[in-house]
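*Asks:* Sharing coords-v6.txt, compact mmCIF, C-alpha atoms (C1' of nucleotides):
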```txt
# COMPACT_ATOMS: atom_id res chain seq x y z
CA MET A 18 17.54 79.47 101.56
CA LYS A 19 20.26 77.32 103.14
CA ILE A 20 22.00 74.79 100.89
CA ALA A 21 24.52 72.29 102.28
CA THR A 22 26.82 69.57 100.98
CA PHE A 23 27.99 66.61 103.05
CA ASN A 24 30.10 63.59 102.11
CA VAL A 25 28.58 61.11 104.57
CA ASN A 26 30.89 58.15 103.84
CA GLY A 27 28.11 55.55 104.03
CA ILE A 28 24.52 56.75 104.48
CA ASN A 29 23.22 53.69 106.31
CA GLY A 30 25.98 53.38 108.88
CA ARG A 31 25.99 57.16 109.27
CA LEU A 32 22.24 57.68 109.47
CA PRO A 33 22.04 58.68 113.18
CA ARG A 34 24.78 61.28 112.63
CA VAL A 35 23.10 62.61 109.48
CA LEU A 36 19.71 62.94 111.21
CA GLU A 37 21.37 64.68 114.13
CA TRP A 38 23.02 67.14 111.74
CA LEU A 39 19.80 67.83 109.79
CA GLU A 40 17.97 68.55 113.05
CA GLU A 41 20.65 70.94 114.26
CA SER A 42 21.61 72.70 111.01
CA GLN A 43 18.17 72.71 109.33
CA PRO A 44 19.33 73.05 105.71
CA ASP A 45 16.58 73.60 103.14
CA VAL A 46 18.60 71.55 100.65
CA ALA A 47 21.24 68.92 101.45
CA CYS A 48 23.51 67.36 98.83
CA LEU A 49 24.95 64.04 100.02
CA GLN A 50 27.85 62.06 98.58
CA GLU A 51 29.37 58.62 99.10
CA LEU A 52 26.09 56.95 99.98
CA LYS A 53 27.74 53.53 99.48
CA THR A 54 24.37 51.86 99.14
CA PRO A 55 22.29 50.37 96.34
CA ASP A 56 19.11 52.31 95.55
CA ALA A 57 16.88 49.79 97.34
CA LYS A 58 18.65 50.28 100.68
CA PHE A 59 18.61 54.09 100.70
CA PRO A 60 16.93 55.18 104.00
CA ALA A 61 14.22 57.28 102.37
CA ALA A 62 11.60 56.55 105.05
CA ALA A 63 13.82 57.71 107.94
CA LEU A 64 14.69 60.89 106.08
CA ARG A 65 11.05 61.53 105.25
CA ASP A 66 10.19 61.08 108.94
CA ALA A 67 12.82 63.75 109.64
CA GLY A 68 11.02 66.10 107.27
CA TYR A 69 13.04 65.65 104.07
CA GLY A 70 12.03 64.48 100.63
CA ALA A 71 14.83 62.94 98.60
CA ILE A 72 16.06 61.76 95.25
CA TRP A 73 19.10 59.51 95.06
CA HIS A 74 21.39 57.70 92.67
CA GLY A 75 22.92 54.83 94.60
CA GLN A 76 25.49 52.15 93.85
CA ALA A 77 26.55 49.11 95.88
CA SER A 78 29.67 49.68 97.98
CA TYR A 79 30.93 52.87 96.33
CA ASN A 80 29.94 56.36 95.26
CA GLY A 81 26.27 57.40 95.33
CA VAL A 82 24.70 60.87 95.54
CA ALA A 83 21.42 62.27 96.87
CA ILE A 84 19.56 65.57 97.15
CA LEU A 85 17.30 66.19 100.15
CA THR A 86 14.78 69.03 100.42
CA ARG A 87 13.03 70.06 103.60
CA GLY A 88 9.26 69.82 103.46
CA ALA A 89 9.20 69.04 99.75
CA ASP A 90 10.31 66.58 97.10
CA PRO A 91 13.17 67.58 94.78
CA ILE A 92 12.22 67.67 91.10
CA GLU A 93 14.81 65.56 89.34
CA ILE A 94 16.39 67.06 86.22
CA ARG A 95 19.07 64.47 85.48
CA ARG A 96 21.22 61.73 86.94
CA GLY A 97 24.73 61.20 85.61
CA LEU A 98 26.85 63.59 83.58
CA PRO A 99 26.56 63.56 79.80
CA GLY A 100 29.57 62.71 77.67
CA ASP A 101 30.40 59.07 78.46
CA PRO A 102 27.74 56.37 78.15
CA ASP A 103 30.20 53.79 79.54
CA ASP A 104 30.64 55.63 82.86
CA ASN A 105 28.60 53.63 85.39
CA HIS A 106 29.69 55.45 88.56
CA SER A 107 26.90 57.22 90.48
CA ARG A 108 28.48 60.62 90.91
CA TYR A 109 26.03 63.28 89.76
CA ILE A 110 22.39 64.13 90.33
CA GLU A 111 20.57 67.36 89.59
CA ALA A 112 17.26 68.79 90.76
CA ALA A 113 15.11 71.91 90.73
CA VAL A 114 14.24 73.31 94.15
CA GLU A 115 12.21 76.48 94.53
CA GLY A 116 13.47 77.86 91.24
CA VAL A 117 17.11 76.96 91.87
CA ILE A 118 18.94 74.24 89.95
CA VAL A 119 21.02 72.18 92.37
CA GLY A 120 23.78 69.93 91.02
CA CYS A 121 25.15 67.43 93.55
CA LEU A 122 28.50 65.95 92.57
CA TYR A 123 31.12 63.51 93.78
CA LEU A 124 34.21 64.06 91.68
CA PRO A 125 36.59 61.09 91.40
CA ASN A 126 39.45 61.02 93.89
CA GLY A 127 42.06 60.15 91.25
CA ASN A 128 44.61 58.34 93.38
CA PRO A 129 47.02 56.88 92.73
CA GLN A 130 48.46 59.30 90.23
CA PRO A 131 49.62 59.05 87.58
CA GLY A 132 47.44 56.21 86.33
CA PRO A 133 44.03 55.29 84.98
CA LYS A 134 42.19 56.57 88.06
CA PHE A 135 43.78 59.99 87.65
CA ASP A 136 42.93 59.95 83.94
CA TYR A 137 39.32 59.17 84.88
CA LYS A 138 39.29 62.07 87.33
CA LEU A 139 40.46 64.55 84.69
CA ALA A 140 38.07 63.17 82.07
CA TRP A 141 35.14 63.40 84.51
CA PHE A 142 36.21 66.94 85.39
CA ALA A 143 36.21 67.88 81.69
CA ARG A 144 32.65 66.54 81.37
CA LEU A 145 31.61 68.55 84.43
CA ILE A 146 33.11 71.72 82.94
CA GLU A 147 31.24 71.10 79.70
CA HIS A 148 27.95 70.55 81.53
CA ALA A 149 28.54 73.56 83.80
CA ALA A 150 28.98 75.81 80.75
CA GLY A 151 25.52 74.82 79.57
CA LEU A 152 24.04 75.53 82.99
CA LEU A 153 25.57 79.00 83.05
CA ALA A 154 24.38 79.71 79.53
CA SER A 155 20.83 78.91 80.64
CA GLU A 156 21.01 81.91 83.02
CA HIS A 157 19.08 79.94 85.62
CA PRO A 158 20.19 80.29 89.24
CA VAL A 159 22.45 77.27 89.84
CA VAL A 160 24.44 75.81 92.73
CA LEU A 161 27.03 73.12 92.01
CA ALA A 162 27.74 71.56 95.38
CA GLY A 163 29.72 68.53 96.40
CA ASP A 164 32.98 66.77 97.05
CA TYR A 165 35.28 68.07 94.30
CA ASN A 166 38.32 66.16 95.58
CA VAL A 167 40.44 69.22 94.79
CA VAL A 168 42.42 71.35 97.24
CA PRO A 169 42.24 74.63 95.28
CA THR A 170 45.29 76.38 96.76
CA ASP A 171 47.91 75.83 99.45
CA VAL A 172 45.77 77.94 101.81
CA ASP A 173 43.23 75.12 101.69
CA ILE A 174 45.42 72.51 103.41
CA TYR A 175 47.34 72.33 106.67
CA ASN A 176 50.57 71.23 105.04
CA PRO A 177 50.84 71.02 101.24
CA ALA A 178 54.29 69.41 101.32
CA SER A 179 53.03 66.17 102.84
CA TRP A 180 50.34 65.86 100.13
CA ARG A 181 52.28 67.15 97.13
CA LYS A 182 52.05 63.86 95.22
CA ASP A 183 48.37 63.34 95.97
CA ALA A 184 45.80 63.63 93.17
CA LEU A 185 43.94 66.31 95.14
CA LEU A 186 46.83 68.79 94.80
CA GLN A 187 48.10 68.07 91.30
CA PRO A 188 48.43 71.07 88.95
CA GLU A 189 46.07 69.32 86.48
CA SER A 190 43.38 69.01 89.18
CA ARG A 191 43.82 72.60 90.31
CA ASP A 192 43.87 73.88 86.72
CA ALA A 193 40.57 72.13 86.01
CA TYR A 194 39.00 73.69 89.10
CA GLN A 195 40.23 77.14 88.00
CA ARG A 196 38.90 76.59 84.47
CA LEU A 197 35.51 75.83 85.98
CA LEU A 198 35.58 78.95 88.19
CA LYS A 199 36.63 81.12 85.26
CA GLN A 200 33.39 80.34 83.48
CA GLY A 201 31.85 82.66 86.05
CA TRP A 202 31.23 80.52 89.15
CA THR A 203 31.77 81.82 92.67
CA ASP A 204 33.43 79.62 95.31
CA ALA A 205 31.10 80.76 98.09
CA ILE A 206 33.23 79.95 101.15
CA ARG A 207 36.35 81.50 99.66
CA LYS A 208 34.41 84.56 98.51
CA LEU A 209 33.24 85.35 102.06
CA HIS A 210 36.41 84.19 103.81
CA PRO A 211 39.26 85.21 101.46
CA ASP A 212 42.24 84.40 103.68
CA GLU A 213 41.00 82.08 106.40
CA ALA A 214 42.17 78.48 106.65
CA ILE A 215 38.89 76.56 106.38
CA TYR A 216 38.74 72.77 106.09
CA THR A 217 35.98 70.29 105.27
CA PHE A 218 37.92 67.00 105.50
CA TRP A 219 40.20 65.49 108.12
CA ASP A 220 41.38 61.95 107.45
CA TYR A 221 41.07 59.23 110.08
CA PHE A 222 44.85 58.85 110.37
CA ARG A 223 47.55 60.30 112.54
CA ASN A 224 45.26 62.16 114.91
CA HIS A 225 44.58 64.68 112.15
CA TRP A 226 41.19 65.78 113.45
CA ALA A 227 42.50 66.54 116.95
CA ARG A 228 45.36 68.53 115.41
CA ASN A 229 43.10 70.31 112.89
CA SER A 230 45.18 68.94 110.02
CA GLY A 231 42.50 69.30 107.37
CA LEU A 232 41.79 69.94 103.70
CA ARG A 233 39.12 72.05 101.98
CA ILE A 234 37.75 69.82 99.22
CA ASP A 235 33.97 70.21 99.52
CA HIS A 236 32.77 73.29 97.63
CA LEU A 237 29.60 75.19 96.76
CA LEU A 238 29.81 77.06 93.47
CA LEU A 239 27.24 79.75 92.67
CA SER A 240 26.19 80.87 89.22
CA LYS A 241 26.42 84.57 88.35
CA THR A 242 22.71 84.99 88.96
CA LEU A 243 23.05 83.63 92.52
CA ALA A 244 26.37 85.14 93.60
CA GLY A 245 24.72 88.47 94.40
CA LYS A 246 22.35 86.73 96.79
CA LEU A 247 25.09 85.13 98.89
CA GLN A 248 24.58 86.01 102.54
CA ASP A 249 26.72 83.59 104.52
CA ALA A 250 28.83 80.46 104.09
CA GLY A 251 30.57 78.12 106.48
CA VAL A 252 31.37 74.62 107.68
CA ASP A 253 29.52 72.67 110.39
CA LYS A 254 32.82 71.64 111.92
CA TRP A 255 31.19 70.25 115.08
CA VAL A 256 29.84 67.34 113.03
CA ARG A 257 33.37 66.01 112.48
CA GLY A 258 34.00 65.90 116.23
CA LYS A 259 31.16 63.48 117.03
CA GLU A 260 31.67 59.82 117.83
CA GLY A 261 31.34 57.79 114.63
CA ALA A 262 31.71 60.83 112.34
CA SER A 263 32.33 60.87 108.61
CA ASP A 264 35.80 62.10 107.68
CA HIS A 265 34.08 65.10 106.02
CA ALA A 266 32.12 67.91 107.68
CA PRO A 267 29.13 69.60 106.00
CA ALA A 268 29.68 72.90 104.17
CA TRP A 269 26.81 75.32 103.51
CA VAL A 270 25.65 78.65 102.08
CA THR A 271 22.67 80.87 102.81
CA LEU A 272 21.07 82.80 99.96
CA ALA A 273 18.69 85.73 100.07
CA GLY A 274 15.15 85.21 98.84
C1' DA B 14 57.43 53.15 99.61
C1' DT B 15 54.25 52.05 103.29
C1' DG B 16 50.82 52.58 106.68
C1' DG B 17 47.93 54.70 109.67
C1' DC B 18 41.68 54.27 109.98
C1' DA B 19 37.04 53.53 108.24
C1' DT B 20 33.29 51.71 105.18
C1' DA B 21 31.09 48.15 102.53
C1' DT B 22 30.68 43.41 100.66
C1' DC B 23 31.02 37.84 97.45
C1' DC B 24 32.96 39.20 105.26
C1' DT B 25 38.63 35.46 109.65
C1' DA B 26 39.70 38.97 103.27
C1' DT B 27 39.64 42.58 99.81
C1' DA B 28 38.70 47.07 97.39
C1' DT B 29 38.34 51.82 97.97
C1' DG B 30 38.90 56.15 99.90
C1' DA B 31 41.87 61.03 100.11
```
The structure given in the file should be rewritten as structure tokens.
*Replies:*
Amino acid sequence: MKIATFNVNGINGRLPRVLEWLEESQPDVACLQELKTPDAKFPAAALRDAGYGAIWHGQASYNGVAILTRGADPIEIRRGLPGDPDDNHSRYIEAAVEGVIVGCLYLPNGNPQPGPKFDYKLAWFARLIEHAAGLLASEHPVVLAGDYNVVPTDVDIYNPASWRKDALLQPESRDAYQRLLKQGWTDAIRKLHPDEAIYTFWDYFRNHWARNSGLRIDHLLLSKTLAGKLQDAGVDKWVRGKEGASDHAPAWVTLAG
DNA sequence: ATGGCATATCCTATATGA
């Protein structure tokens, strides 16, 4: 089974690029973030015509997450993280697909920091860690895939010095990511490529794509029960090089069985 | 400290992103 995560930065404007990627990469499951569309304008029909069933949690202008499954409809488990009834951002959706629980997440960016947006990021992260503990305790096979907005280590960015004040590199952000991993999750790309510089995001500024000045912020975390089935993991970097691309490229894993 | 670019919406202006 191939599971991918892709921050599309606007599903409607990006639809031709997304369909092109689905056709080429053929993921069985695709987690999408930053839909930037209300529920009513989600392009479900076009995706169904491409062979994918979908569930989505949209929001006008910002955020928004979806799970696509090839040749089937995802079975929704929940939308939104528990722990804060006042949080109205669409950043989490969870489904069951062929016996695997798939959590699709869009963690808050947190800039500028310090400030309320950074506080929200850390609070959301704490809620994710709490929810993830429950998922692990269930002993179900689980993948937590999405845009974590965290550069885990200095290997995961072309030049840490120029981003040292950014929310994505703060010690608090990195500590939260490590606390999550220490529950027993496996960062699939880093597990299979321990030393390689691998990026999933290149901003639109300063010719960063052409110079490969990227960041690794999109991650697929595997529960203990799935880590042993990890076969391959990578990034569809070619997607970022297309005309009209998102600033993120899709990341993916393949699992045995 | 700012801006560079891109997306979306209450669109010749503003908010957000990372």
*Asks:* Residues of chain B no more than 9 Å from chain A, counting all atoms listed in the file: send them over as a ChimeraX atom specification.
*Replies:* /B:17-22,29-31
*Asks:* Just the number, please: distance in Å from CA of Arg191 (chain A) to CA of Val168 (chain A), one decimal.
*Replies:*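 It comes out at 7.2 Å.
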*Asks:* Would you list the contacts of Ile118 (chain A) as a PyMOL selection string, taking every protein, DNA or RNA residue within 9 Å and counting only C-alpha atoms (C1' of nucleotides), but skipping same-chain residues closer than 6 positions in sequence?
*Replies:* chain A and resi 94+111-112+152+157-161
*Asks:* Restrict the selected residues to C-alpha atoms and save them as an mmCIF file, in the frame of the given file.
*Replies:*
```cif
data_model
loop_
_atom_site.group_PDB
_atom_site.id
_atom_site.type_symbol
_atom_site.label_atom_id
_atom_site.label_comp_id
_atom_site.auth_asym_id
_atom_site.auth_seq_id
_atom_site.Cartn_x
_atom_site.Cartn_y
_atom_site.Cartn_z
ATOM 1 C CA ILE A 94 16.390 67.060 86.220
ATOM 2 C CA GLU A 111 20.570 67.360 89.590
ATOM 3 C CA ALA A 112 17.260 68.790 90.760
ATOM 4 C CA LEU A 152 24.040 75.530 82.990
ATOM 5 C CA HIS A 157 19.080 79.940 85.620
ATOM 6 C CA PRO A 158 20.190 80.290 89.240
ATOM 7 C CA VAL A 159 22.450 77.270 89.840
ATOM 8 C CA VAL A 160 24.440 75.810 92.730
ATOM 9 C CA LEU A 161 27.030 73.120 92.010
#
```
*Asks:* For Gly81 (chain A), work out the shell of residues within 6 Å, counting only C-alpha atoms (C1' of nucleotides) and skipping chain neighbours fewer than 2 positions away, then give it as a list in words.
*Replies:*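 Once the nearby chain positions are removed, what remains is Gln50, Glu51, Leu52, Lys53, His74, Gly75, Gln76, Ser107 and Arg108 of chain A.
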*Asks:* Which residues are close to Gly68 (chain A), i.e. within 12 Å by only C-alpha atoms (C1' of nucleotides), leaving aside same-chain residues fewer than 6 positions away? Reply as a VMD selection string.
*Replies:* chain A and resid 36 39 to 40 43 to 46 61 to 62 85 to 90
*Asks:* Enter the distance from CA of Pro125 (chain A) to CA of Ala63 (chain A), in Å, rounded to one decimal.
*Replies:* 28.3 Å
*Asks:* Kindly write N, CA and C atoms of region 116-137 of chain A from the structure just given to a file, as a PDB file, in the first residue's frame.
*Replies:*
```pdb
ATOM      1  N   GLY A 116      -8.022  -1.398   6.888  1.00  0.00           N
ATOM      2  CA  GLY A 116      -7.472  -1.826   8.168  1.00  0.00           C
ATOM      3  C   GLY A 116      -6.412  -0.915   8.766  1.00  0.00           C
ATOM      4  N   VAL A 117      -6.079   0.166   8.054  1.00  0.00           N
ATOM      5  CA  VAL A 117      -5.095   1.122   8.564  1.00  0.00           C
ATOM      6  C   VAL A 117      -5.808   2.419   8.938  1.00  0.00           C
ATOM      7  N   ILE A 118      -5.466   2.949  10.111  1.00  0.00           N
ATOM      8  CA  ILE A 118      -5.982   4.263  10.496  1.00  0.00           C
ATOM      9  C   ILE A 118      -5.042   5.320   9.932  1.00  0.00           C
ATOM     10  N   VAL A 119      -5.610   6.250   9.166  1.00  0.00           N
ATOM     11  CA  VAL A 119      -4.824   7.310   8.546  1.00  0.00           C
ATOM     12  C   VAL A 119      -5.255   8.649   9.135  1.00  0.00           C
ATOM     13  N   GLY A 120      -4.323   9.326   9.802  1.00  0.00           N
ATOM     14  CA  GLY A 120      -4.564  10.670  10.312  1.00  0.00           C
ATOM     15  C   GLY A 120      -3.879  11.666   9.399  1.00  0.00           C
ATOM     16  N   CYS A 121      -4.662  12.621   8.884  1.00  0.00           N
ATOM     17  CA  CYS A 121      -4.147  13.645   7.966  1.00  0.00           C
ATOM     18  C   CYS A 121      -4.152  14.979   8.707  1.00  0.00           C
ATOM     19  N   LEU A 122      -2.978  15.596   8.842  1.00  0.00           N
ATOM     20  CA  LEU A 122      -2.880  16.779   9.694  1.00  0.00           C
ATOM     21  C   LEU A 122      -2.172  17.942   9.016  1.00  0.00           C
ATOM     22  N   TYR A 123      -2.592  19.133   9.419  1.00  0.00           N
ATOM     23  CA  TYR A 123      -1.957  20.375   8.984  1.00  0.00           C
ATOM     24  C   TYR A 123      -1.655  21.194  10.235  1.00  0.00           C
ATOM     25  N   LEU A 124      -0.451  21.014  10.732  1.00  0.00           N
ATOM     26  CA  LEU A 124      -0.071  21.656  11.993  1.00  0.00           C
ATOM     27  C   LEU A 124       0.139  23.151  11.773  1.00  0.00           C
ATOM     28  N   PRO A 125      -0.279  23.986  12.725  1.00  0.00           N
ATOM     29  CA  PRO A 125      -0.145  25.432  12.530  1.00  0.00           C
ATOM     30  C   PRO A 125       1.303  25.850  12.275  1.00  0.00           C
ATOM     31  N   ASN A 126       1.465  26.831  11.425  1.00  0.00           N
ATOM     32  CA  ASN A 126       2.776  27.368  11.069  1.00  0.00           C
ATOM     33  C   ASN A 126       3.455  28.016  12.290  1.00  0.00           C
ATOM     34  N   GLY A 127       2.762  28.889  12.978  1.00  0.00           N
ATOM     35  CA  GLY A 127       3.288  29.455  14.218  1.00  0.00           C
ATOM     36  C   GLY A 127       4.043  30.757  14.091  1.00  0.00           C
ATOM     37  N   ASN A 128       4.197  31.271  12.879  1.00  0.00           N
ATOM     38  CA  ASN A 128       4.840  32.572  12.717  1.00  0.00           C
ATOM     39  C   ASN A 128       3.812  33.691  12.815  1.00  0.00           C
ATOM     40  N   PRO A 129       4.219  34.877  13.288  1.00  0.00           N
ATOM     41  CA  PRO A 129       5.548  35.143  13.847  1.00  0.00           C
ATOM     42  C   PRO A 129       5.665  34.623  15.278  1.00  0.00           C
ATOM     43  N   GLN A 130       6.916  34.349  15.655  1.00  0.00           N
ATOM     44  CA  GLN A 130       7.164  33.917  17.022  1.00  0.00           C
ATOM     45  C   GLN A 130       8.195  34.837  17.670  1.00  0.00           C
ATOM     46  N   PRO A 131       8.065  35.120  18.984  1.00  0.00           N
ATOM     47  CA  PRO A 131       6.967  34.636  19.827  1.00  0.00           C
ATOM     48  C   PRO A 131       5.681  35.400  19.551  1.00  0.00           C
ATOM     49  N   GLY A 132       4.570  34.857  20.059  1.00  0.00           N
ATOM     50  CA  GLY A 132       3.284  35.514  19.879  1.00  0.00           C
ATOM     51  C   GLY A 132       2.161  34.511  19.956  1.00  0.00           C
ATOM     52  N   PRO A 133       0.937  34.996  19.798  1.00  0.00           N
ATOM     53  CA  PRO A 133      -0.235  34.115  19.939  1.00  0.00           C
ATOM     54  C   PRO A 133      -0.270  32.992  18.900  1.00  0.00           C
ATOM     55  N   LYS A 134       0.227  33.246  17.699  1.00  0.00           N
ATOM     56  CA  LYS A 134       0.211  32.182  16.684  1.00  0.00           C
ATOM     57  C   LYS A 134       1.171  31.051  17.050  1.00  0.00           C
ATOM     58  N   PHE A 135       2.290  31.419  17.654  1.00  0.00           N
ATOM     59  CA  PHE A 135       3.233  30.391  18.095  1.00  0.00           C
ATOM     60  C   PHE A 135       2.656  29.621  19.287  1.00  0.00           C
ATOM     61  N   ASP A 136       1.983  30.333  20.172  1.00  0.00           N
ATOM     62  CA  ASP A 136       1.319  29.668  21.312  1.00  0.00           C
ATOM     63  C   ASP A 136       0.279  28.665  20.802  1.00  0.00           C
ATOM     64  N   TYR A 137      -0.467  29.076  19.775  1.00  0.00           N
ATOM     65  CA  TYR A 137      -1.478  28.183  19.189  1.00  0.00           C
ATOM     66  C   TYR A 137      -0.825  26.946  18.587  1.00  0.00           C
TER      67      TYR A 137
END
```
